[in-house]
$ cat data01.pdb   # PDB, C-alpha atoms
ATOM      1  CA  MET J  27      77.223  99.075  84.501
ATOM      2  CA  ALA J  28      78.441 102.685  84.481
ATOM      3  CA  ILE J  29      76.505 105.096  86.646
ATOM      4  CA  THR J  30      75.696 107.242  83.577
ATOM      5  CA  THR J  31      73.459 104.485  82.240
ATOM      6  CA  TYR J  32      71.016 104.959  85.115
ATOM      7  CA  LYS J  33      68.074 107.317  84.917
ATOM      8  CA  SER J  34      68.815 108.771  88.347
ATOM      9  CA  ASP J  35      71.201 108.575  91.290
ATOM     10  CA  VAL J  36      68.483 106.748  93.215
ATOM     11  CA  GLU J  37      68.515 103.973  90.622
ATOM     12  CA  ALA J  38      72.323 103.922  90.788
ATOM     13  CA  LEU J  39      72.209 103.606  94.581
ATOM     14  CA  ASP J  40      69.843 100.665  94.242
ATOM     15  CA  ALA J  41      72.389  99.063  91.912
ATOM     16  CA  LEU J  42      75.144  99.667  94.466
ATOM     17  CA  ALA J  43      73.123  97.936  97.198
ATOM     18  CA  THR J  44      72.485  95.010  94.845
ATOM     19  CA  SER J  45      76.188  94.804  93.986
ATOM     20  CA  TYR J  46      77.056  94.659  97.679
ATOM     21  CA  LYS J  47      74.680  91.738  98.234
ATOM     22  CA  THR J  48      76.126  89.908  95.242
ATOM     23  CA  LEU J  49      79.677  90.575  96.407
ATOM     24  CA  SER J  50      78.931  89.309  99.900
ATOM     25  CA  LYS J  51      77.337  86.161  98.519
ATOM     26  CA  GLU J  52      80.316  85.374  96.283
ATOM     27  CA  ILE J  53      82.884  86.087  99.006
ATOM     28  CA  GLY J  54      80.838  83.921 101.402
ATOM     29  CA  LYS J  55      81.544  80.913  99.179
ATOM     30  CA  VAL J  56      85.144  81.026 100.430
ATOM     31  CA  ILE J  57      85.141  83.110 103.621
ATOM     32  CA  ILE J  58      82.996  81.493 106.300
ATOM     33  CA  GLY J  59      81.724  83.800 109.027
ATOM     34  CA  GLN J  60      83.477  87.185 109.241
ATOM     35  CA  ASP J  61      80.387  88.895 107.755
ATOM     36  CA  GLU J  62      81.090  92.184 109.511
ATOM     37  CA  VAL J  63      84.715  92.092 108.384
ATOM     38  CA  VAL J  64      83.667  91.557 104.758
ATOM     39  CA  LYS J  65      81.158  94.410 105.029
ATOM     40  CA  ALA J  66      83.790  96.784 106.440
ATOM     41  CA  VAL J  67      86.306  95.965 103.703
ATOM     42  CA  ILE J  68      83.715  96.501 100.961
ATOM     43  CA  ILE J  69      82.671  99.826 102.506
ATOM     44  CA  SER J  70      86.282 101.014 102.504
ATOM     45  CA  LEU J  71      86.693  99.974  98.850
ATOM     46  CA  PHE J  72      83.560 101.789  97.713
ATOM     47  CA  ALA J  73      84.590 104.826  99.782
ATOM     48  CA  ASN J  74      88.063 104.817  98.168
ATOM     49  CA  GLY J  75      89.908 104.090 101.396
ATOM     50  CA  HIS J  76      92.576 101.677 102.607
ATOM     51  CA  SER J  77      92.034  99.099 105.348
ATOM     52  CA  LEU J  78      94.191  97.470 107.994
ATOM     53  CA  LEU J  79      93.197  93.935 109.012
ATOM     54  CA  VAL J  80      94.451  93.035 112.476
ATOM     55  CA  GLY J  81      94.516  89.527 113.903
ATOM     56  CA  VAL J  82      96.705  86.616 114.877
ATOM     57  CA  PRO J  83      98.085  84.358 112.099
ATOM     58  CA  GLY J  84      95.730  81.779 110.626
ATOM     59  CA  LEU J  85      92.477  83.777 110.536
ATOM     60  CA  ALA J  86      92.320  83.885 106.711
ATOM     61  CA  LYS J  87      93.280  87.553 106.373
ATOM     62  CA  THR J  88      95.284  86.866 103.215
ATOM     63  CA  LEU J  89      92.602  84.568 101.808
ATOM     64  CA  LEU J  90      89.973  87.260 102.390
ATOM     65  CA  VAL J  91      91.899  89.871 100.406
ATOM     66  CA  SER J  92      92.708  87.530  97.520
ATOM     67  CA  THR J  93      89.080  86.388  97.369
ATOM     68  CA  ILE J  94      87.849  89.988  97.215
ATOM     69  CA  SER J  95      90.276  90.791  94.397
ATOM     70  CA  ASN J  96      89.010  87.766  92.429
ATOM     71  CA  VAL J  97      85.370  88.732  92.863
ATOM     72  CA  LEU J  98      86.070  92.354  91.928
ATOM     73  CA  ASP J  99      87.951  91.431  88.730
ATOM     74  CA  LEU J 100      90.904  93.653  89.641
ATOM     75  CA  ASN J 101      94.664  93.254  89.336
ATOM     76  CA  PHE J 102      96.094  91.929  92.575
ATOM     77  CA  LYS J 103      99.615  91.814  94.002
ATOM     78  CA  ARG J 104     100.721  90.395  97.330
ATOM     79  CA  ILE J 105     103.780  91.764  99.121
ATOM     80  CA  GLN J 106     105.130  89.685 101.975
ATOM     81  CA  PHE J 107     106.701  92.200 104.332
ATOM     82  CA  THR J 108     109.900  90.931 105.942
ATOM     83  CA  PRO J 109     112.664  92.539 108.051
ATOM     84  CA  ASP J 110     114.989  92.799 105.012
ATOM     85  CA  LEU J 111     112.464  94.329 102.577
ATOM     86  CA  MET J 112     113.715  97.575 101.015
ATOM     87  CA  PRO J 113     111.554 100.500  99.818
ATOM     88  CA  SER J 114     112.569  99.891  96.185
ATOM     89  CA  ASP J 115     111.313  96.314  96.500
ATOM     90  CA  ILE J 116     107.752  97.617  96.648
ATOM     91  CA  THR J 117     107.877 100.878  94.661
ATOM     92  CA  GLY J 118     110.167  99.710  91.861
ATOM     93  CA  SER J 119     113.464 101.174  90.685
ATOM     94  CA  GLU J 120     115.332 102.490  87.664
ATOM     95  CA  ILE J 121     117.477  99.967  85.830
ATOM     96  CA  LEU J 122     120.017 100.420  83.070
ATOM     97  CA  ASP J 123     118.724  98.692  79.935
ATOM     98  CA  GLU J 124     120.717  97.292  77.029
ATOM     99  CA  ASP J 125     120.649 100.705  75.282
ATOM    100  CA  ARG J 126     122.370 102.242  78.317
ATOM    101  CA  ARG J 127     119.265 104.198  79.230
ATOM    102  CA  PHE J 128     117.576 104.187  82.585
ATOM    103  CA  ARG J 129     114.170 102.546  82.510
ATOM    104  CA  PHE J 130     111.698 102.436  85.388
ATOM    105  CA  ASN J 131     110.870  98.895  86.448
ATOM    106  CA  GLN J 132     107.514  98.924  88.242
ATOM    107  CA  GLY J 133     107.266  97.340  91.659
ATOM    108  CA  PRO J 134     104.315  95.358  93.041
ATOM    109  CA  LEU J 135     102.595  98.573  94.200
ATOM    110  CA  PHE J 136     101.465  99.034  90.604
ATOM    111  CA  SER J 137      98.260  97.062  90.939
ATOM    112  CA  ASN J 138      94.598  97.767  91.724
ATOM    113  CA  ILE J 139      94.645  95.864  95.023
ATOM    114  CA  VAL J 140      97.863  95.526  96.993
ATOM    115  CA  LEU J 141      97.963  93.112  99.896
ATOM    116  CA  ALA J 142     100.645  94.298 102.310
ATOM    117  CA  ASP J 143     100.961  91.059 104.248
ATOM    118  CA  GLU J 144     102.248  91.342 107.821
ATOM    119  CA  ILE J 145     103.050  95.017 107.288
ATOM    120  CA  ASN J 146     104.406  95.425 110.796
ATOM    121  CA  ARG J 147     107.157  92.844 110.286
ATOM    122  CA  THR J 148     109.202  95.243 108.157
ATOM    123  CA  PRO J 149     111.280  98.188 109.440
ATOM    124  CA  PRO J 150     109.834 101.727 109.510
ATOM    125  CA  LYS J 151     111.861 102.817 106.455
ATOM    126  CA  THR J 152     109.966 100.434 104.202
ATOM    127  CA  GLN J 153     106.666 101.090 105.957
ATOM    128  CA  ALA J 154     107.174 104.775 105.172
ATOM    129  CA  ALA J 155     107.562 103.974 101.464
ATOM    130  CA  LEU J 156     103.831 103.252 101.394
ATOM    131  CA  LEU J 157     102.885 106.751 102.566
ATOM    132  CA  GLU J 158     103.033 108.572  99.221
ATOM    133  CA  ALA J 159     101.401 105.632  97.434
ATOM    134  CA  MET J 160      98.493 105.501  99.893
ATOM    135  CA  GLN J 161      97.919 109.256 100.052
ATOM    136  CA  GLU J 162      98.972 110.551  96.625
ATOM    137  CA  ARG J 163      98.243 107.379  94.602
ATOM    138  CA  SER J 164     101.705 107.714  93.051
ATOM    139  CA  VAL J 165     105.385 106.985  93.690
ATOM    140  CA  THR J 166     108.371 109.200  92.945
ATOM    141  CA  ILE J 167     111.533 107.524  91.648
ATOM    142  CA  GLY J 168     114.552 109.504  90.484
ATOM    143  CA  GLY J 169     112.581 112.732  90.657
ATOM    144  CA  THR J 170     109.861 111.404  88.342
ATOM    145  CA  ARG J 171     106.302 110.880  89.564
ATOM    146  CA  HIS J 172     104.655 107.648  88.459
ATOM    147  CA  LEU J 173     100.879 107.379  88.838
ATOM    148  CA  LEU J 174      99.431 104.184  90.265
ATOM    149  CA  PRO J 175      96.484 102.376  88.642
ATOM    150  CA  ASN J 176      92.976 103.556  89.374
ATOM    151  CA  PRO J 177      91.262 102.246  91.463
ATOM    152  CA  PHE J 178      94.043 101.610  93.972
ATOM    153  CA  PHE J 179      93.604 100.028  97.397
ATOM    154  CA  VAL J 180      96.062  98.930 100.043
ATOM    155  CA  LEU J 181      94.674  96.163 102.229
ATOM    156  CA  ALA J 182      97.279  95.482 104.870
ATOM    157  CA  THR J 183      97.393  92.699 107.434
ATOM    158  CA  GLN J 184      98.992  93.167 110.812
ATOM    159  CA  ASN J 185      99.825  90.798 113.597
ATOM    160  CA  PRO J 186      99.236  91.989 117.175
ATOM    161  CA  ILE J 187     102.170  94.210 118.131
ATOM    162  CA  GLU J 188     102.806  92.135 121.224
ATOM    163  CA  GLN J 189     104.089  89.315 119.016
ATOM    164  CA  GLU J 190     107.831  88.858 118.605
ATOM    165  CA  GLY J 191     109.439  90.449 115.561
ATOM    166  CA  THR J 192     106.903  93.212 114.974
ATOM    167  CA  TYR J 193     107.389  96.959 114.557
ATOM    168  CA  PRO J 194     104.550  99.287 115.589
ATOM    169  CA  LEU J 195     103.246 101.283 112.632
ATOM    170  CA  PRO J 196     103.930 105.040 112.817
ATOM    171  CA  GLU J 197     100.878 107.154 113.648
ATOM    172  CA  ALA J 198     101.227 109.019 110.333
ATOM    173  CA  GLN J 199     100.891 105.767 108.434
ATOM    174  CA  LEU J 200      98.062 104.457 110.605
ATOM    175  CA  ASP J 201      96.138 107.637 109.813
ATOM    176  CA  ARG J 202      96.277 106.780 106.091
ATOM    177  CA  PHE J 203      94.102 103.743 106.706
ATOM    178  CA  MET J 204      90.406 104.522 106.597
ATOM    179  CA  PHE J 205      89.487 101.465 108.682
ATOM    180  CA  ASN J 206      91.191  99.331 111.305
ATOM    181  CA  ILE J 207      89.333  96.010 111.136
ATOM    182  CA  PRO J 208      89.950  93.386 113.855
ATOM    183  CA  LEU J 209      89.523  89.691 113.091
ATOM    184  CA  ASP J 210      88.666  87.251 115.843
ATOM    185  CA  TYR J 211      88.639  83.470 116.056
ATOM    186  CA  PRO J 212      85.649  81.784 114.393
ATOM    187  CA  THR J 213      82.896  80.229 116.452
ATOM    188  CA  PHE J 214      82.966  76.468 116.945
ATOM    189  CA  GLU J 215      80.274  75.952 114.291
ATOM    190  CA  GLU J 216      82.079  78.229 111.820
ATOM    191  CA  GLU J 217      85.367  76.416 112.389
ATOM    192  CA  ILE J 218      83.648  73.098 111.681
ATOM    193  CA  ARG J 219      82.496  74.508 108.312
ATOM    194  CA  VAL J 220      85.957  75.922 107.597
ATOM    195  CA  VAL J 221      87.667  72.603 108.247
ATOM    196  CA  LYS J 222      85.108  70.693 106.176
ATOM    197  CA  SER J 223      85.523  72.979 103.180
ATOM    198  CA  THR J 224      89.337  73.216 103.329
ATOM    199  CA  THR J 225      90.055  69.508 103.824
ATOM    200  CA  SER J 226      87.925  68.233 100.947
ATOM    201  CA  SER J 227      88.449  68.157  97.186
ATOM    202  CA  GLN J 228      85.642  70.625  96.605
ATOM    203  CA  LYS J 229      86.595  73.605  94.433
ATOM    204  CA  VAL J 230      84.844  76.951  94.585
ATOM    205  CA  ASP J 231      84.046  78.773  91.347
ATOM    206  CA  LEU J 232      84.047  82.531  91.941
ATOM    207  CA  LYS J 233      82.362  84.941  89.534
ATOM    208  CA  HIS J 234      83.579  88.434  88.694
ATOM    209  CA  VAL J 235      80.659  90.609  89.765
ATOM    210  CA  VAL J 236      82.026  94.178  89.837
ATOM    211  CA  THR J 237      84.503  95.778  87.412
ATOM    212  CA  ALA J 238      87.052  98.532  87.952
ATOM    213  CA  ALA J 239      84.885 101.022  86.026
ATOM    214  CA  GLU J 240      81.899 100.220  88.235
ATOM    215  CA  ILE J 241      83.961 100.719  91.391
ATOM    216  CA  LEU J 242      85.146 104.137  90.203
ATOM    217  CA  ALA J 243      81.564 105.101  89.390
ATOM    218  CA  PHE J 244      80.328 103.931  92.792
ATOM    219  CA  GLN J 245      83.097 105.937  94.498
ATOM    220  CA  GLN J 246      81.844 109.090  92.804
ATOM    221  CA  LEU J 247      78.258 108.201  93.663
ATOM    222  CA  ILE J 248      79.066 107.834  97.379
ATOM    223  CA  ARG J 249      80.329 111.421  97.494
ATOM    224  CA  LYS J 250      77.094 112.668  95.916
ATOM    225  CA  ILE J 251      74.913 111.142  98.643
ATOM    226  CA  PRO J 252      73.299 113.945 100.686
ATOM    227  CA  ILE J 253      73.775 114.029 104.444
ATOM    228  CA  ALA J 254      71.682 115.973 106.951
ATOM    229  CA  ASP J 255      73.427 118.719 108.902
ATOM    230  CA  ASN J 256      72.689 117.064 112.245
ATOM    231  CA  VAL J 257      74.273 113.785 111.100
ATOM    232  CA  LEU J 258      77.336 115.595 109.740
ATOM    233  CA  GLU J 259      77.694 117.514 113.001
ATOM    234  CA  TYR J 260      77.281 114.283 114.985
ATOM    235  CA  ALA J 261      80.164 112.678 113.047
ATOM    236  CA  VAL J 262      82.470 115.668 113.461
ATOM    237  CA  THR J 263      81.562 116.010 117.148
ATOM    238  CA  MET J 264      82.443 112.361 117.732
ATOM    239  CA  ALA J 265      85.928 112.924 116.301
ATOM    240  CA  VAL J 266      86.388 116.192 118.219
ATOM    241  CA  LYS J 267      85.379 114.507 121.494
ATOM    242  CA  THR J 268      88.410 112.188 121.245
ATOM    243  CA  ARG J 269      90.829 115.117 121.682
ATOM    244  CA  PRO J 270      91.749 115.523 125.371
ATOM    245  CA  ASN J 271      91.584 118.888 127.121
ATOM    246  CA  ARG J 272      89.458 120.437 124.395
ATOM    247  CA  GLY J 273      86.031 121.989 124.911
ATOM    248  CA  LYS J 274      83.952 118.978 123.830
ATOM    249  CA  ALA J 275      86.107 116.256 125.387
ATOM    250  CA  PRO J 276      84.280 114.255 128.112
ATOM    251  CA  LYS J 277      85.961 113.313 131.372
ATOM    252  CA  ILE J 278      86.803 109.774 130.219
ATOM    253  CA  VAL J 279      88.813 111.203 127.294
ATOM    254  CA  ASN J 280      90.636 113.752 129.451
ATOM    255  CA  ASP J 281      91.530 111.046 131.963
ATOM    256  CA  TYR J 282      92.496 108.176 129.677
ATOM    257  CA  ILE J 283      93.562 109.494 126.247
ATOM    258  CA  SER J 284      96.980 110.920 125.338
ATOM    259  CA  TRP J 285      95.823 112.310 122.016
ATOM    260  CA  GLY J 286      92.872 111.782 119.755
ATOM    261  CA  ALA J 287      91.757 111.681 116.146
ATOM    262  CA  GLY J 288      92.513 114.375 113.581
ATOM    263  CA  PRO J 289      90.255 115.893 110.903
ATOM    264  CA  ARG J 290      90.761 112.913 108.584
ATOM    265  CA  ALA J 291      88.699 110.865 111.055
ATOM    266  CA  SER J 292      85.758 113.242 110.577
ATOM    267  CA  GLN J 293      86.002 112.863 106.814
ATOM    268  CA  TYR J 294      86.101 109.063 107.021
ATOM    269  CA  LEU J 295      83.213 108.960 109.484
ATOM    270  CA  VAL J 296      81.052 110.828 106.980
ATOM    271  CA  LEU J 297      82.187 108.843 103.920
ATOM    272  CA  GLY J 298      81.867 105.552 105.800
ATOM    273  CA  ALA J 299      78.381 106.448 107.022
ATOM    274  CA  LYS J 300      77.306 107.382 103.488
ATOM    275  CA  CYS J 301      78.569 104.075 102.099
ATOM    276  CA  HIS J 302      77.070 102.058 104.966
ATOM    277  CA  ALA J 303      73.700 103.661 104.309
ATOM    278  CA  ALA J 304      73.971 102.968 100.574
ATOM    279  CA  ILE J 305      74.751  99.252 100.883
ATOM    280  CA  MET J 306      71.900  98.943 103.380
ATOM    281  CA  GLY J 307      69.476 100.336 100.803
ATOM    282  CA  LYS J 308      69.135 103.857 102.252
ATOM    283  CA  TYR J 309      69.517 107.072 100.279
ATOM    284  CA  SER J 310      70.966 109.194 103.075
ATOM    285  CA  PRO J 311      72.912 108.255 106.222
ATOM    286  CA  ASP J 312      71.597 108.702 109.739
ATOM    287  CA  ILE J 313      73.279 108.658 113.134
ATOM    288  CA  GLU J 314      73.088 104.866 113.323
ATOM    289  CA  ASP J 315      75.199 104.641 110.164
ATOM    290  CA  VAL J 316      77.881 106.797 111.798
ATOM    291  CA  ARG J 317      77.853 104.580 114.882
ATOM    292  CA  ALA J 318      78.056 101.440 112.736
ATOM    293  CA  ILE J 319      81.479 102.375 111.360
ATOM    294  CA  ALA J 320      82.825 104.578 114.195
ATOM    295  CA  LYS J 321      85.041 101.942 115.806
ATOM    296  CA  TYR J 322      86.681 101.060 112.499
ATOM    297  CA  VAL J 323      87.558 104.725 111.915
ATOM    298  CA  LEU J 324      88.586 105.757 115.441
ATOM    299  CA  ARG J 325      90.201 102.604 116.843
ATOM    300  CA  HIS J 326      93.678 103.328 115.431
ATOM    301  CA  ARG J 327      93.488 107.101 115.838
ATOM    302  CA  ILE J 328      93.089 107.170 119.622
ATOM    303  CA  VAL J 329      96.099 106.627 121.862
ATOM    304  CA  PRO J 330      95.221 105.541 125.428
ATOM    305  CA  ASN J 331      97.583 106.632 128.202
ATOM    306  CA  TYR J 332      99.241 104.464 130.819
ATOM    307  CA  LYS J 333      96.327 104.994 133.218
ATOM    308  CA  ALA J 334      93.872 103.420 130.747
ATOM    309  CA  GLU J 335      96.174 100.441 130.241
ATOM    310  CA  ALA J 336      96.650 100.027 133.991
ATOM    311  CA  GLU J 337      92.892 100.006 134.587
ATOM    312  CA  GLY J 338      92.158  97.741 131.612
ATOM    313  CA  LEU J 339      90.086 100.352 129.774
ATOM    314  CA  THR J 340      90.024  99.477 126.082
ATOM    315  CA  THR J 341      89.846 101.869 123.149
ATOM    316  CA  GLU J 342      86.517 100.303 122.156
ATOM    317  CA  LYS J 343      84.961 101.167 125.535
ATOM    318  CA  ILE J 344      86.136 104.753 125.214
ATOM    319  CA  ILE J 345      84.658 105.047 121.718
ATOM    320  CA  GLU J 346      81.343 103.597 122.907
ATOM    321  CA  SER J 347      81.188 106.313 125.563
ATOM    322  CA  LEU J 348      81.169 108.915 122.766
ATOM    323  CA  TYR J 349      77.954 107.655 121.140
TER     324      TYR J 349
END
$ encode --input "data01.pdb" --output "C-alpha cells"
Amino acid sequence: MAITTYKSDVEALDALATSYKTLSKEIGKVIIGQDEVVKAVIISLFANGHSLLVGVPGLAKTLLVSTISNVLDLNFKRIQFTPDLMPSDITGSEILDEDRRFRFNQGPLFSNIVLADEINRTPPKTQAALLEAMQERSVTIGGTRHLLPNPFFVLATQNPIEQEGTYPLPEAQLDRFMFNIPLDYPTFEEEIRVVKSTTSSQKVDLKHVVTAAEILAFQQLIRKIPIADNVLEYAVTMAVKTRPNRGKAPKIVNDYISWGAGPRASQYLVLGAKCHAAIMGKYSPDIEDVRAIAKYVLRHRIVPNYKAEAEGLTTEKIIESLY
C-alpha cells in the first residue's frame, strides 16, 4: 500500500485514516481502555517521533508497546534498563573474531521499535547513549557510524521519579521525545474486563495491518499536509508563551515557570496537529488539532519552579492557560 499507488494525496490521507482505525481495533483486542494513549502513540509513530510512557508499574505499558509492534509487523526489541546497564549493552560493541579482526556486534538498538523499559532506572551515562540513536538514527562505535533500521522508534517507559531507585532523565534527552504520555489506572469496569481476559485461556490473534514501507510513506505524507498560517502561528505562539520573561509570556508563566519549551516543541506541535487531523479524516489541521496534542508535546518541556510546587499548580493547568 505505497503512497505512490494512490491517485492523489487526498486518497492517500483517506487510507491513512482507515489504517488508524484498523490499528486501533486490533490493538483494542489486547489493550482495554487507554484509547487516548493508543491514539497518541500512533500519532507519534506516523509523525516519526519517539514517545515516553509514564505511569506506575502494572499499567500494561510494556504490553502496549509489544502489541503495537506486532500489529505493525515491525522488528521489536525490549531493553530492560537496570542500574548496571552499560552503554555498549544497548548500542553494541566491536569484538575480535576468530580471524583476529574487529567485527561490530549490533546491540538491541538495531530494531524498528525499541522498548526502553523503565528508562529512568539506569544511570545517566547509559541514558545518554540513546541520544545519538534517537536524534541521528545512528550509533558511532570505534569512530564508525552505523545506521539504524528505518523506520526507527524509541518507546520508553518511565516510573514516576518519586519512586525509589529512579534517576530523573536529563532535559536534553527528554526533549528528544516527541510526546510524554501519562497512563492512569483503569476504571472499575475496564479493570473487570482486563482481569476477565487475562485470567482465562482465551488467546488473541493479532493481524499485521501496516508494514514498514507503509509507515515510511505515511511519514512523508504527513509532512506534505498543508497548514493554514493562523494555525501554524497559533502552535508557535503556544510554545513561545511557555518561556518566562519573554514578550508573549503570560503572568502565570512568569510567576510559575523556571524555563519553557524550545523550538523543537513548535515543530512537534505542528507535526502532531497534522497527524491528528489526518487520522481524524481531515485534510488540514485546525487549532483544535493543536490543542488535542499540546499537553503531550509540552508536558516534559516545561519546568515549574518551587512556587508552583508549593501552591500545587500542575504543568497541565499551566498548559491549559495557554489555549
$ atom_distance --input "data01.pdb" --atom1 "atom CA of J:Gly81" --atom2 "atom CA of J:Lys333"
24.8 Å
$ closest_residue --input "data01.pdb" --among "J:Phe205, J:Tyr332, J:Tyr294, J:Tyr282" --to "J:Val63" --atoms "all atoms listed in the file"
J:Phe205
$ resolve_selection --input "data01.pdb" --expression "the PyMOL selection byres ((chain J and resi 134) around 6)" --output "PyMOL selection string"
chain J and resi 103+116+133+135-136
$ write_last_selection --input "data01.pdb" --atoms "C-alpha atoms" --output "PDB file, keeping the file's coordinate frame"
ATOM      1  CA  LYS J 103      99.615  91.814  94.002  1.00  0.00           C
ATOM      2  CA  ILE J 116     107.752  97.617  96.648  1.00  0.00           C
ATOM      3  CA  GLY J 133     107.266  97.340  91.659  1.00  0.00           C
ATOM      4  CA  LEU J 135     102.595  98.573  94.200  1.00  0.00           C
ATOM      5  CA  PHE J 136     101.465  99.034  90.604  1.00  0.00           C
TER       6      PHE J 136
END
$ atom_distance --input "data01.pdb" --atom1 "atom CA of J:Leu98" --atom2 "atom CA of J:Gln246"
17.3 Å
$ residues_around --input "data01.pdb" --residues "stretch 216-222 of chain J" --least-positions-apart "4" --cutoff "8 Å" --atoms "only C-alpha atoms" --output "list in words"
Ile58, Gly59, Pro212 and Ser226 of chain J
$ residues_near_point --input "data01.pdb" --point "(77.2, 113.4, 110.3)" --cutoff "8 Å" --atoms "all atoms listed in the file" --output "count of residues only"
17
$ atom_distance --input "data01.pdb" --atom1 "atom CA of J:Ile53" --atom2 "atom CA of J:Ile69"
14.2 Å
$ residues_near_point --input "data01.pdb" --point "(84.2, 87.5, 110.7)" --cutoff "10 Å" --atoms "only C-alpha atoms" --output "list in words"
Ile57, Ile58, Gly59, Gln60, Asp61, Glu62, Val63, Val64, Lys65, Leu85, Ala86, Ile207, Pro208, Leu209, Asp210, Tyr211, Pro212, Thr213 and Glu216 of chain J
$ axis_aligned_box --input "data01.pdb" --around "stretch 278-293 of chain J" --padding-each-side "8 Å" --output "JSON"
{"center_x": 91.4, "center_y": 112.0, "center_z": 119.4, "size_x": 27.2, "size_y": 23.7, "size_z": 41.1}
$ resolve_selection --input "data01.pdb" --expression "the PyMOL selection byres ((chain J and resi 77) around 12)" --output "PyMOL selection string"
chain J and resi 63-76+78-80+87+91+139-142+145+160+178-184+199-208+294+322-323+326
$ closest_residue --input "data01.pdb" --among "J:Thr152, J:Asn138, J:Arg129, J:Leu89" --to "J:Thr108" --atoms "all atoms listed in the file"
J:Thr152
$ build_atoms --input "data01.pdb" --residues "stretch 163-174 of chain J" --atoms "N, CA and C atoms" --output "PDB file, in the frame of the given file"
ATOM      1  N   ARG J 163      98.511 108.347  95.678  1.00  0.00           N
ATOM      2  CA  ARG J 163      98.243 107.379  94.602  1.00  0.00           C
ATOM      3  C   ARG J 163      99.329 107.468  93.529  1.00  0.00           C
ATOM      4  N   SER J 164     100.578 107.642  93.968  1.00  0.00           N
ATOM      5  CA  SER J 164     101.705 107.714  93.051  1.00  0.00           C
ATOM      6  C   SER J 164     102.979 107.398  93.822  1.00  0.00           C
ATOM      7  N   VAL J 165     104.062 107.137  93.088  1.00  0.00           N
ATOM      8  CA  VAL J 165     105.385 106.985  93.690  1.00  0.00           C
ATOM      9  C   VAL J 165     106.355 107.860  92.903  1.00  0.00           C
ATOM     10  N   THR J 166     107.367 108.357  93.585  1.00  0.00           N
ATOM     11  CA  THR J 166     108.371 109.200  92.945  1.00  0.00           C
ATOM     12  C   THR J 166     109.712 108.478  92.976  1.00  0.00           C
ATOM     13  N   ILE J 167     110.259 108.212  91.789  1.00  0.00           N
ATOM     14  CA  ILE J 167     111.533 107.524  91.648  1.00  0.00           C
ATOM     15  C   ILE J 167     112.438 108.378  90.771  1.00  0.00           C
ATOM     16  N   GLY J 168     113.618 108.709  91.271  1.00  0.00           N
ATOM     17  CA  GLY J 168     114.552 109.504  90.484  1.00  0.00           C
ATOM     18  C   GLY J 168     114.004 110.857  90.087  1.00  0.00           C
ATOM     19  N   GLY J 169     113.160 111.427  90.932  1.00  0.00           N
ATOM     20  CA  GLY J 169     112.581 112.732  90.657  1.00  0.00           C
ATOM     21  C   GLY J 169     111.393 112.709  89.713  1.00  0.00           C
ATOM     22  N   THR J 170     110.999 111.532  89.259  1.00  0.00           N
ATOM     23  CA  THR J 170     109.861 111.404  88.342  1.00  0.00           C
ATOM     24  C   THR J 170     108.688 110.771  89.073  1.00  0.00           C
ATOM     25  N   ARG J 171     107.511 111.383  88.907  1.00  0.00           N
ATOM     26  CA  ARG J 171     106.302 110.880  89.564  1.00  0.00           C
ATOM     27  C   ARG J 171     105.611 109.875  88.653  1.00  0.00           C
ATOM     28  N   HIS J 172     105.324 108.713  89.204  1.00  0.00           N
ATOM     29  CA  HIS J 172     104.655 107.648  88.459  1.00  0.00           C
ATOM     30  C   HIS J 172     103.295 107.389  89.096  1.00  0.00           C
ATOM     31  N   LEU J 173     102.225 107.571  88.321  1.00  0.00           N
ATOM     32  CA  LEU J 173     100.879 107.379  88.838  1.00  0.00           C
ATOM     33  C   LEU J 173     100.564 105.892  88.970  1.00  0.00           C
ATOM     34  N   LEU J 174      99.859 105.558  90.040  1.00  0.00           N
ATOM     35  CA  LEU J 174      99.431 104.184  90.265  1.00  0.00           C
ATOM     36  C   LEU J 174      98.109 103.932  89.546  1.00  0.00           C
TER      37      LEU J 174
END
